[in-house]
Amino acid sequence: MHLHSILWFGLGVAVTTYFYRRIMGPTAVAGLAVLLFALDDAHGFPVAWIANRNGVISFCLGMITLFYFVQWRQTKQRRARNLALLCFGLTLLAAEAGVAALPYLVAYLLILDRETIANRVRALAPFLLIFLLWLAIHRLLGYGERGTGLYLDPLSAPLYFLRSIVERVPILLLSQWALPPAGLYAYLPVSYQQGWWVLAVIVVGGIAYALGRALRHDRIARFWAIGMGLALIVACTSQPGERLLWFVGIGGMGLLAQWMAKLWHTVRTSAVRSMRRRFAWSTLLALGLIHFIHAPIFLSREARLMAAGATIAQAIDSLPVDEAFRMQTAVVVNEPLFFYSSYALPARSIEAKPFPLRLRHLVSTFNAIEITRPSANQLLIRPQGGFLVEGARLARAPTMPIALAGAPWARFELTDMIVEVTSIDEQGQPNAALFTFAMPLEDPAIRWLTWDQATGKFVDFPLPAIGATIKLPPLVEF
């Protein structure tokens, strides 16, 4: 299965090579763009993640779409147009991310196409029709996100999506052109995220200014910039991460290659001791270190992140194995990522090992937690930063504040437990909740567990005495 993903990626890079040649000609700059794209460490994780195979296939089909579209516009071959239409439909069927191929069609018709405006509109129309047909079927069949904070539907929450564009575009661009990887952003405290965003705005703004001065009269550079910019808007529909940068990287690396070629020309033609030459040298050196030293190393590292499966397996193996576990409710007080224990039920079933009758997650966070026990069958929990942070955002969208009949609380009833939100923040997100169980907490029908960061395993959770308060330290110190 990994070989299949690598082959799809290789085919995508091969088609990208021909696409760059179509746009920039068989030049060294086109070759540099391909090299930058192929070595981009953003591709390590999405290629190695087997469940993301559809994303790799969608990227590959999207690049075939772009190649044949440009060939059609340059040669007027009807066969090329038909293949472009077919592959565009297929890239949408492979993954929603295939929508990001459409921005490059728009950018090409706006900037590089030589036909009349009416002809350009007619050229784009069948692709828009395919997109709208796909979108209608997509909605009719009930596909797409519902109520999660990891994905955004621009049509159902347009204002929140606009705010997300402002937040996420600098983070994604910084990851594309420099570092650090965007995937870390969502797992940091808010204060760190704010600092990261400010840094991203400054760095990306500086790069954009330098690029604008160097390439302002270059039509191909404007094509890359518009295609990349529109693809970034599509990428903002999900939490920042490298797997969103497939199509963003096409324009990003095209722009970067042209800029590096311009810098090299400045180095060769400027006076030896001039400030302009020194700036060009230092910028080239920085870009070279990032994209030809750092990127290949981290490409391998990002691919190995999928070895996290071993970490999950270790976590699952640390769960109880006695037969009594089969008739107990496993209550996980805290774990860094809730799928550590979520995967336990199918994994244990496959391996014919004991798994619990029920599984309850109370908190999933890296932050510190305050736990108070008001009575024999209750726990009041206050996680630092609230409940819906990091990966737990998957559970509820920020556009769905918790409030019933105008009151700042909510109540959720399960078969053996009632959860009452006792406090919310200014965004309507829960930051304190009372968990009431149907039996005393010491009842043998409940197995209490929590996460030990030092060993990467689940361990027994010692219940506090009635009326007492304990604090669990953060799993990661920031």
# chains A, B, ... in the order shown; residues from 1 in each chain; ligands from 1
$ residues_around --residues "segment 410-419 of chain A" --least-positions-apart "2" --cutoff "6 Å" --atoms "only C-alpha atoms" --output "PyMOL selection string"
chain A and resi 421+434-438
$ write_last_selection --atoms "all heavy atoms" --output "CSV table (one decimal), in the first residue's frame"
chain,number,residue,atom,x,y,z
A,421,VAL,N,-22.2,21.1,31.3
A,421,VAL,CA,-21.2,22.1,31.1
A,421,VAL,C,-21.6,23.2,32.1
A,421,VAL,O,-22.7,23.8,32.1
A,421,VAL,CB,-21.2,22.7,29.7
A,421,VAL,CG1,-20.3,23.9,29.6
A,421,VAL,CG2,-20.9,21.6,28.7
A,434,LEU,N,-19.2,19.1,34.8
A,434,LEU,CA,-19.5,18.2,35.9
A,434,LEU,C,-19.9,16.9,35.3
A,434,LEU,O,-20.9,16.8,34.5
A,434,LEU,CB,-20.6,18.8,36.7
A,434,LEU,CG,-21.0,17.9,37.9
A,434,LEU,CD1,-19.9,17.8,39.0
A,434,LEU,CD2,-22.3,18.4,38.6
A,435,PHE,N,-19.2,15.8,35.6
A,435,PHE,CA,-19.5,14.4,35.1
A,435,PHE,C,-20.1,13.7,36.3
A,435,PHE,O,-19.5,13.4,37.3
A,435,PHE,CB,-18.2,13.7,34.7
A,435,PHE,CG,-17.5,14.4,33.5
A,435,PHE,CD1,-16.7,15.5,33.7
A,435,PHE,CD2,-17.7,14.0,32.2
A,435,PHE,CE1,-16.1,16.1,32.6
A,435,PHE,CE2,-17.1,14.6,31.1
A,435,PHE,CZ,-16.3,15.6,31.3
A,436,THR,N,-21.4,13.3,36.1
A,436,THR,CA,-22.1,12.5,37.1
A,436,THR,C,-22.3,11.1,36.6
A,436,THR,O,-23.0,10.9,35.6
A,436,THR,CB,-23.5,13.2,37.4
A,436,THR,OG1,-23.3,14.5,37.8
A,436,THR,CG2,-24.2,12.4,38.5
A,437,PHE,N,-21.8,10.1,37.4
A,437,PHE,CA,-21.9,8.7,37.0
A,437,PHE,C,-23.1,8.1,37.7
A,437,PHE,O,-23.6,8.5,38.7
A,437,PHE,CB,-20.6,8.0,37.3
A,437,PHE,CG,-19.5,8.4,36.4
A,437,PHE,CD1,-18.8,9.5,36.7
A,437,PHE,CD2,-19.2,7.6,35.3
A,437,PHE,CE1,-17.7,9.9,35.9
A,437,PHE,CE2,-18.1,8.0,34.5
A,437,PHE,CZ,-17.4,9.1,34.7
A,438,ALA,N,-23.6,7.0,37.1
A,438,ALA,CA,-24.8,6.3,37.7
A,438,ALA,C,-24.5,5.5,38.9
A,438,ALA,O,-25.4,5.0,39.5
A,438,ALA,CB,-25.4,5.4,36.6
$ closest_atom_pairs --of "segment 328-406 of chain A" --to "segment 301-324 of chain A" --cutoff "6 Å" --atoms "only C-alpha atoms" --output "CSV"
residue,atom,partner,partner_atom,distance
A:Tyr340,CA,A:Ile312,CA,5.5
A:Ala344,CA,A:Ile316,CA,5.5
A:Pro354,CA,A:Val321,CA,5.6
$ write_last_selection --atoms "N, CA, C and O atoms" --output "PDB file, in the first residue's frame"
ATOM      1  N   TYR A 340      -5.987   7.558  20.701  1.00  0.00           N
ATOM      2  CA  TYR A 340      -5.155   6.524  21.326  1.00  0.00           C
ATOM      3  C   TYR A 340      -6.033   5.413  21.893  1.00  0.00           C
ATOM      4  O   TYR A 340      -5.820   4.236  21.640  1.00  0.00           O
ATOM      5  N   ALA A 344      -8.604   1.411  20.467  1.00  0.00           N
ATOM      6  CA  ALA A 344      -8.451   0.193  21.267  1.00  0.00           C
ATOM      7  C   ALA A 344      -9.553  -0.816  20.975  1.00  0.00           C
ATOM      8  O   ALA A 344      -9.300  -2.029  20.934  1.00  0.00           O
ATOM      9  N   PRO A 354      -9.018  -8.674  25.487  1.00  0.00           N
ATOM     10  CA  PRO A 354     -10.116  -8.027  26.213  1.00  0.00           C
ATOM     11  C   PRO A 354     -10.233  -6.543  25.873  1.00  0.00           C
ATOM     12  O   PRO A 354      -9.237  -5.829  25.816  1.00  0.00           O
TER      13      PRO A 354
END
$ residues_around --residues "segment 228-235 of chain A" --least-positions-apart "6" --cutoff "9 Å" --atoms "only C-alpha atoms" --output "number ranges by chain"
A: 97, 99-104, 107, 165, 168-169, 172-173, 241, 244-245, 247-252
$ write_last_selection --atoms "N, CA and C atoms" --output "mmCIF file, in the first residue's frame"
data_model
loop_
_atom_site.group_PDB
_atom_site.id
_atom_site.type_symbol
_atom_site.label_atom_id
_atom_site.label_comp_id
_atom_site.auth_asym_id
_atom_site.auth_seq_id
_atom_site.Cartn_x
_atom_site.Cartn_y
_atom_site.Cartn_z
ATOM 1 N N ALA A 97 -10.202 17.937 -1.985
ATOM 2 C CA ALA A 97 -9.049 18.814 -2.188
ATOM 3 C C ALA A 97 -8.779 19.080 -3.661
ATOM 4 N N VAL A 99 -10.611 20.376 -5.667
ATOM 5 C CA VAL A 99 -11.156 21.691 -6.033
ATOM 6 C C VAL A 99 -10.016 22.690 -6.258
ATOM 7 N N ALA A 100 -8.882 22.500 -5.567
ATOM 8 C CA ALA A 100 -7.766 23.439 -5.658
ATOM 9 C C ALA A 100 -7.092 23.436 -7.025
ATOM 10 N N ALA A 101 -7.457 22.504 -7.919
ATOM 11 C CA ALA A 101 -6.936 22.558 -9.290
ATOM 12 C C ALA A 101 -7.615 23.667 -10.073
ATOM 13 N N LEU A 102 -8.864 23.968 -9.729
ATOM 14 C CA LEU A 102 -9.634 24.978 -10.458
ATOM 15 C C LEU A 102 -8.985 26.361 -10.437
ATOM 16 N N PRO A 103 -8.402 26.818 -9.317
ATOM 17 C CA PRO A 103 -7.766 28.135 -9.314
ATOM 18 C C PRO A 103 -6.708 28.325 -10.400
ATOM 19 N N TYR A 104 -5.978 27.277 -10.753
ATOM 20 C CA TYR A 104 -4.941 27.425 -11.771
ATOM 21 C C TYR A 104 -5.544 27.556 -13.172
ATOM 22 N N ALA A 107 -6.501 31.172 -13.137
ATOM 23 C CA ALA A 107 -5.306 32.012 -13.238
ATOM 24 C C ALA A 107 -4.726 31.991 -14.648
ATOM 25 N N ILE A 165 -9.470 32.496 6.986
ATOM 26 C CA ILE A 165 -8.530 32.820 5.897
ATOM 27 C C ILE A 165 -7.453 33.765 6.408
ATOM 28 N N ARG A 168 -5.176 31.653 8.740
ATOM 29 C CA ARG A 168 -4.467 30.478 8.256
ATOM 30 C C ARG A 168 -3.542 30.733 7.068
ATOM 31 N N VAL A 169 -3.865 31.715 6.226
ATOM 32 C CA VAL A 169 -3.038 31.950 5.037
ATOM 33 C C VAL A 169 -1.578 32.235 5.409
ATOM 34 N N LEU A 172 0.110 28.913 6.566
ATOM 35 C CA LEU A 172 0.354 27.971 5.464
ATOM 36 C C LEU A 172 1.479 28.453 4.560
ATOM 37 N N LEU A 173 1.504 29.745 4.263
ATOM 38 C CA LEU A 173 2.556 30.281 3.389
ATOM 39 C C LEU A 173 3.923 30.195 4.043
ATOM 40 N N GLY A 241 -2.140 22.381 7.922
ATOM 41 C CA GLY A 241 -1.344 21.165 7.874
ATOM 42 C C GLY A 241 -0.688 21.013 6.518
ATOM 43 N N LEU A 244 -2.353 19.945 3.059
ATOM 44 C CA LEU A 244 -3.174 20.893 2.319
ATOM 45 C C LEU A 244 -2.383 21.654 1.257
ATOM 46 N N LEU A 245 -1.076 21.403 1.174
ATOM 47 C CA LEU A 245 -0.204 22.253 0.366
ATOM 48 C C LEU A 245 0.117 21.689 -1.011
ATOM 49 N N PHE A 247 -1.492 21.668 -4.020
ATOM 50 C CA PHE A 247 -1.677 22.613 -5.119
ATOM 51 C C PHE A 247 -1.110 23.983 -4.781
ATOM 52 N N VAL A 248 -1.092 24.341 -3.511
ATOM 53 C CA VAL A 248 -0.431 25.586 -3.112
ATOM 54 C C VAL A 248 1.032 25.550 -3.522
ATOM 55 N N GLY A 249 1.660 24.378 -3.352
ATOM 56 C CA GLY A 249 3.079 24.239 -3.666
ATOM 57 C C GLY A 249 3.400 24.366 -5.142
ATOM 58 N N ILE A 250 2.438 24.087 -6.018
ATOM 59 C CA ILE A 250 2.686 24.225 -7.460
ATOM 60 C C ILE A 250 3.053 25.670 -7.782
ATOM 61 N N GLY A 251 2.198 26.602 -7.363
ATOM 62 C CA GLY A 251 2.498 28.015 -7.577
ATOM 63 C C GLY A 251 3.619 28.503 -6.694
ATOM 64 N N GLY A 252 3.649 28.002 -5.451
ATOM 65 C CA GLY A 252 4.677 28.446 -4.512
ATOM 66 C C GLY A 252 6.073 28.129 -4.992
#
$ residues_around --residues "Leu211 of chain A" --least-positions-apart "2" --cutoff "10 Å" --atoms "only C-alpha atoms" --output "ChimeraX atom specification"
/A:205-209,213-216,221,225,255-256,258-260,262
$ residues_around --residues "segment 192-204 of chain A" --least-positions-apart "6" --cutoff "7 Å" --atoms "only C-alpha atoms" --output "list in words"
Pro170, Ile171, Leu173, Leu174 and Tyr185 of chain A
$ write_last_selection --atoms "all heavy atoms" --output "compact mmCIF listing (two decimals), in the first residue's frame"
# COMPACT_ATOMS: atom_id res chain seq x y z
N PRO A 170 -1.28 33.14 6.36
CA PRO A 170 0.13 33.36 6.71
C PRO A 170 0.81 32.10 7.26
O PRO A 170 1.99 31.85 6.97
CB PRO A 170 0.06 34.46 7.77
CG PRO A 170 -1.25 35.13 7.54
CD PRO A 170 -2.17 34.06 7.09
N ILE A 171 0.07 31.30 8.04
CA ILE A 171 0.65 30.09 8.63
C ILE A 171 1.01 29.09 7.52
O ILE A 171 2.10 28.50 7.52
CB ILE A 171 -0.35 29.44 9.62
CG1 ILE A 171 -0.71 30.42 10.74
CG2 ILE A 171 0.24 28.15 10.19
CD1 ILE A 171 0.44 30.90 11.56
N LEU A 173 1.50 29.75 4.26
CA LEU A 173 2.56 30.28 3.39
C LEU A 173 3.92 30.19 4.04
O LEU A 173 4.93 29.88 3.39
CB LEU A 173 2.24 31.73 3.02
CG LEU A 173 1.39 31.95 1.77
CD1 LEU A 173 1.13 33.43 1.57
CD2 LEU A 173 2.07 31.35 0.55
N LEU A 174 3.99 30.48 5.34
CA LEU A 174 5.26 30.36 6.05
C LEU A 174 5.77 28.93 6.00
O LEU A 174 6.96 28.68 5.80
CB LEU A 174 5.11 30.82 7.50
CG LEU A 174 6.39 30.83 8.35
CD1 LEU A 174 7.40 31.82 7.78
CD2 LEU A 174 6.07 31.15 9.80
N TYR A 185 0.76 24.03 14.44
CA TYR A 185 0.10 25.26 14.88
C TYR A 185 -1.09 24.99 15.80
O TYR A 185 -1.23 25.61 16.86
CB TYR A 185 -0.36 26.04 13.65
CG TYR A 185 -1.11 27.31 13.94
CD1 TYR A 185 -0.45 28.46 14.35
CD2 TYR A 185 -2.50 27.36 13.78
CE1 TYR A 185 -1.15 29.63 14.61
CE2 TYR A 185 -3.20 28.53 14.04
CZ TYR A 185 -2.53 29.66 14.45
OH TYR A 185 -3.21 30.82 14.70
$ residues_around --residues "Leu36 of chain A" --least-positions-apart "2" --cutoff "9 Å" --atoms "only C-alpha atoms" --output "number ranges by chain"
A: 31-34, 38-40, 253-254, 256-257, 291-292, 295
$ write_last_selection --atoms "C-alpha atoms" --output "CSV table (one decimal), in the first residue's frame"
chain,number,residue,atom,x,y,z
A,31,GLY,CA,13.9,22.2,-13.5
A,32,LEU,CA,14.6,24.1,-10.3
A,33,ALA,CA,10.9,24.4,-9.6
A,34,VAL,CA,10.4,20.6,-10.0
A,38,ALA,CA,9.8,17.1,-5.2
A,39,LEU,CA,12.0,17.7,-2.2
A,40,ASP,CA,9.4,19.7,-0.3
A,253,MET,CA,7.6,26.5,-5.9
A,254,GLY,CA,7.2,28.1,-9.4
A,256,LEU,CA,10.3,30.5,-5.6
A,257,ALA,CA,12.3,29.1,-8.5
A,291,HIS,CA,14.9,23.8,0.6
A,292,PHE,CA,18.0,21.7,-0.3
A,295,ALA,CA,13.6,19.9,3.3
$ residues_around --residues "segment 358-365 of chain A" --least-positions-apart "3" --cutoff "7 Å" --atoms "only C-alpha atoms" --output "mmCIF file with all heavy atoms, in the first residue's frame"
data_model
loop_
_atom_site.group_PDB
_atom_site.id
_atom_site.type_symbol
_atom_site.label_atom_id
_atom_site.label_comp_id
_atom_site.auth_asym_id
_atom_site.auth_seq_id
_atom_site.Cartn_x
_atom_site.Cartn_y
_atom_site.Cartn_z
ATOM 1 N N GLN A 328 -16.310 -4.003 32.097
ATOM 2 C CA GLN A 328 -16.136 -2.715 32.758
ATOM 3 C C GLN A 328 -16.297 -1.555 31.764
ATOM 4 O O GLN A 328 -16.166 -1.735 30.549
ATOM 5 C CB GLN A 328 -14.752 -2.629 33.406
ATOM 6 C CG GLN A 328 -14.579 -3.565 34.591
ATOM 7 C CD GLN A 328 -13.179 -3.482 35.165
ATOM 8 O OE1 GLN A 328 -12.194 -3.438 34.431
ATOM 9 N NE2 GLN A 328 -13.080 -3.476 36.486
ATOM 10 N N THR A 329 -16.574 -0.378 32.319
ATOM 11 C CA THR A 329 -16.527 0.864 31.551
ATOM 12 C C THR A 329 -15.158 1.495 31.761
ATOM 13 O O THR A 329 -14.787 1.787 32.908
ATOM 14 C CB THR A 329 -17.619 1.848 32.000
ATOM 15 O OG1 THR A 329 -18.901 1.284 31.718
ATOM 16 C CG2 THR A 329 -17.482 3.183 31.279
ATOM 17 N N ALA A 330 -14.403 1.650 30.701
ATOM 18 C CA ALA A 330 -13.089 2.297 30.801
ATOM 19 C C ALA A 330 -13.293 3.804 30.713
ATOM 20 O O ALA A 330 -13.800 4.315 29.719
ATOM 21 C CB ALA A 330 -12.172 1.810 29.692
ATOM 22 N N VAL A 331 -12.906 4.501 31.767
ATOM 23 C CA VAL A 331 -13.012 5.967 31.792
ATOM 24 C C VAL A 331 -11.601 6.534 31.699
ATOM 25 O O VAL A 331 -10.804 6.383 32.631
ATOM 26 C CB VAL A 331 -13.718 6.462 33.062
ATOM 27 C CG1 VAL A 331 -13.790 7.986 33.059
ATOM 28 C CG2 VAL A 331 -15.114 5.864 33.173
ATOM 29 N N VAL A 332 -11.312 7.164 30.574
ATOM 30 C CA VAL A 332 -10.002 7.775 30.366
ATOM 31 C C VAL A 332 -10.109 9.241 30.772
ATOM 32 O O VAL A 332 -10.766 10.033 30.092
ATOM 33 C CB VAL A 332 -9.552 7.647 28.896
ATOM 34 C CG1 VAL A 332 -8.194 8.318 28.690
ATOM 35 C CG2 VAL A 332 -9.502 6.186 28.482
ATOM 36 N N VAL A 333 -9.478 9.591 31.868
ATOM 37 C CA VAL A 333 -9.566 10.955 32.389
ATOM 38 C C VAL A 333 -8.911 11.940 31.429
ATOM 39 O O VAL A 333 -9.458 12.990 31.123
ATOM 40 C CB VAL A 333 -8.931 11.040 33.789
ATOM 41 C CG1 VAL A 333 -8.942 12.487 34.292
ATOM 42 C CG2 VAL A 333 -9.679 10.132 34.765
ATOM 43 N N ASN A 334 -7.722 11.587 30.939
ATOM 44 C CA ASN A 334 -7.053 12.464 29.973
ATOM 45 C C ASN A 334 -6.086 11.648 29.124
ATOM 46 O O ASN A 334 -5.502 10.662 29.580
ATOM 47 C CB ASN A 334 -6.278 13.579 30.672
ATOM 48 C CG ASN A 334 -5.664 14.540 29.668
ATOM 49 O OD1 ASN A 334 -6.257 14.840 28.641
ATOM 50 N ND2 ASN A 334 -4.465 15.010 29.947
ATOM 51 N N GLU A 335 -5.947 12.078 27.883
ATOM 52 C CA GLU A 335 -4.938 11.549 26.974
ATOM 53 C C GLU A 335 -4.638 12.642 25.949
ATOM 54 O O GLU A 335 -5.499 13.491 25.661
ATOM 55 C CB GLU A 335 -5.434 10.275 26.283
ATOM 56 C CG GLU A 335 -6.746 10.420 25.540
ATOM 57 C CD GLU A 335 -7.245 9.089 24.996
ATOM 58 O OE1 GLU A 335 -6.419 8.301 24.512
ATOM 59 O OE2 GLU A 335 -8.471 8.852 25.052
ATOM 60 N N PRO A 336 -3.438 12.679 25.399
ATOM 61 C CA PRO A 336 -3.090 13.782 24.502
ATOM 62 C C PRO A 336 -3.928 13.803 23.225
ATOM 63 O O PRO A 336 -4.306 14.865 22.752
ATOM 64 C CB PRO A 336 -1.609 13.543 24.201
ATOM 65 C CG PRO A 336 -1.370 12.103 24.502
ATOM 66 C CD PRO A 336 -2.306 11.766 25.615
ATOM 67 N N LEU A 337 -4.210 12.626 22.681
ATOM 68 C CA LEU A 337 -5.024 12.505 21.471
ATOM 69 C C LEU A 337 -6.036 11.396 21.710
ATOM 70 O O LEU A 337 -5.658 10.263 22.016
ATOM 71 C CB LEU A 337 -4.138 12.183 20.261
ATOM 72 C CG LEU A 337 -3.089 13.241 19.923
ATOM 73 C CD1 LEU A 337 -2.125 12.718 18.861
ATOM 74 C CD2 LEU A 337 -3.737 14.527 19.443
ATOM 75 N N PHE A 338 -7.299 11.724 21.563
ATOM 76 C CA PHE A 338 -8.336 10.785 21.998
ATOM 77 C C PHE A 338 -8.381 9.503 21.180
ATOM 78 O O PHE A 338 -8.952 8.511 21.609
ATOM 79 C CB PHE A 338 -9.718 11.455 21.992
ATOM 80 C CG PHE A 338 -10.190 11.886 20.637
ATOM 81 C CD1 PHE A 338 -10.851 11.016 19.815
ATOM 82 C CD2 PHE A 338 -9.971 13.173 20.200
ATOM 83 C CE1 PHE A 338 -11.287 11.407 18.568
ATOM 84 C CE2 PHE A 338 -10.404 13.586 18.955
ATOM 85 C CZ PHE A 338 -11.060 12.700 18.130
ATOM 86 N N PHE A 387 -12.041 22.527 26.977
ATOM 87 C CA PHE A 387 -12.111 21.147 26.487
ATOM 88 C C PHE A 387 -11.777 21.029 25.003
ATOM 89 O O PHE A 387 -11.180 20.057 24.576
ATOM 90 C CB PHE A 387 -13.519 20.580 26.731
ATOM 91 C CG PHE A 387 -13.778 20.164 28.147
ATOM 92 C CD1 PHE A 387 -14.257 21.075 29.075
ATOM 93 C CD2 PHE A 387 -13.532 18.864 28.561
ATOM 94 C CE1 PHE A 387 -14.498 20.703 30.389
ATOM 95 C CE2 PHE A 387 -13.769 18.474 29.866
ATOM 96 C CZ PHE A 387 -14.249 19.396 30.788
ATOM 97 N N VAL A 389 -9.694 21.887 22.563
ATOM 98 C CA VAL A 389 -8.393 22.357 22.102
ATOM 99 C C VAL A 389 -7.694 21.212 21.370
ATOM 100 O O VAL A 389 -8.077 20.043 21.501
ATOM 101 C CB VAL A 389 -7.515 22.850 23.272
ATOM 102 C CG1 VAL A 389 -8.124 24.074 23.915
ATOM 103 C CG2 VAL A 389 -7.321 21.742 24.304
ATOM 104 N N GLU A 390 -6.667 21.580 20.600
ATOM 105 C CA GLU A 390 -5.881 20.597 19.853
ATOM 106 C C GLU A 390 -6.793 19.646 19.061
ATOM 107 O O GLU A 390 -7.734 20.068 18.428
ATOM 108 C CB GLU A 390 -4.952 19.825 20.808
ATOM 109 C CG GLU A 390 -3.954 20.706 21.524
ATOM 110 C CD GLU A 390 -4.104 20.654 23.035
ATOM 111 O OE1 GLU A 390 -4.698 19.714 23.561
ATOM 112 O OE2 GLU A 390 -3.645 21.605 23.692
ATOM 113 N N ALA A 392 -9.041 17.705 19.992
ATOM 114 C CA ALA A 392 -10.429 17.625 20.460
ATOM 115 C C ALA A 392 -11.352 18.553 19.681
ATOM 116 O O ALA A 392 -12.579 18.437 19.792
ATOM 117 C CB ALA A 392 -10.491 17.961 21.952
#
$ atom_distance --atom1 "atom CA of Pro296 of chain A" --atom2 "atom CA of Ala182 of chain A"
17.0 Å
$ select_by_dssp --residues "segment 364-428 of chain A" --states "strand (DSSP E or B)" --output "PyMOL selection string"
chain A and resi 369-372+378-383+404+407+410-413+417-424
$ closest_residue --among "A:Gly44, A:Pro444, A:Pro240, A:Gly62" --to "Ala84 of chain A" --atoms "only C-alpha atoms"
A:Gly62
$ atom_distance --atom1 "atom CA of Arg219 of chain A" --atom2 "atom CA of Pro26 of chain A"
17.2 Å
$ select_by_dssp --residues "segment 311-359 of chain A" --states "helix (DSSP H, G or I)" --output "PyMOL selection string"
chain A and resi 311-317+323-327+339-342+344-350
$ closest_residue --among "A:Arg393, A:Pro401, A:Phe366, A:Gly183" --to "Gln453 of chain A" --atoms "only C-alpha atoms"
A:Phe366
$ closest_residue --among "A:Asp41, A:Trp264, A:Thr75, A:Leu379" --to "Ile290 of chain A" --atoms "only C-alpha atoms"
A:Asp41
$ closest_residue --among "A:Arg382, A:Arg348, A:Lys353, A:His265" --to "Ile424 of chain A" --atoms "only C-alpha atoms"
A:Arg382
$ closest_residue --among "A:Cys236, A:Ile297, A:Met400, A:Ala368" --to "Leu162 of chain A" --atoms "only C-alpha atoms"
A:Cys236
$ closest_residue --among "A:Val476, A:Met275, A:Leu285, A:Val15" --to "Asn367 of chain A" --atoms "only C-alpha atoms"
A:Val476
$ decode --residues "segment 278-293 of chain A" --atoms "C-alpha atoms" --output "PDB file, in the first residue's frame"
ATOM      1  CA  ARG A 278      25.271  40.757  -0.626  1.00  0.00           C
ATOM      2  CA  PHE A 279      21.513  40.659  -0.065  1.00  0.00           C
ATOM      3  CA  ALA A 280      21.060  38.328  -3.029  1.00  0.00           C
ATOM      4  CA  TRP A 281      23.845  36.027  -1.766  1.00  0.00           C
ATOM      5  CA  SER A 282      22.480  35.856   1.775  1.00  0.00           C
ATOM      6  CA  THR A 283      18.914  35.250   0.563  1.00  0.00           C
ATOM      7  CA  LEU A 284      20.056  32.499  -1.812  1.00  0.00           C
ATOM      8  CA  LEU A 285      22.047  30.880   0.976  1.00  0.00           C
ATOM      9  CA  ALA A 286      19.052  30.934   3.336  1.00  0.00           C
ATOM     10  CA  LEU A 287      16.708  29.533   0.685  1.00  0.00           C
ATOM     11  CA  GLY A 288      19.252  26.865  -0.248  1.00  0.00           C
ATOM     12  CA  LEU A 289      19.647  25.739   3.367  1.00  0.00           C
ATOM     13  CA  ILE A 290      15.877  25.578   3.862  1.00  0.00           C
ATOM     14  CA  HIS A 291      14.930  23.834   0.617  1.00  0.00           C
ATOM     15  CA  PHE A 292      17.986  21.716  -0.263  1.00  0.00           C
ATOM     16  CA  ILE A 293      19.322  20.764   3.191  1.00  0.00           C
TER      17      ILE A 293
END
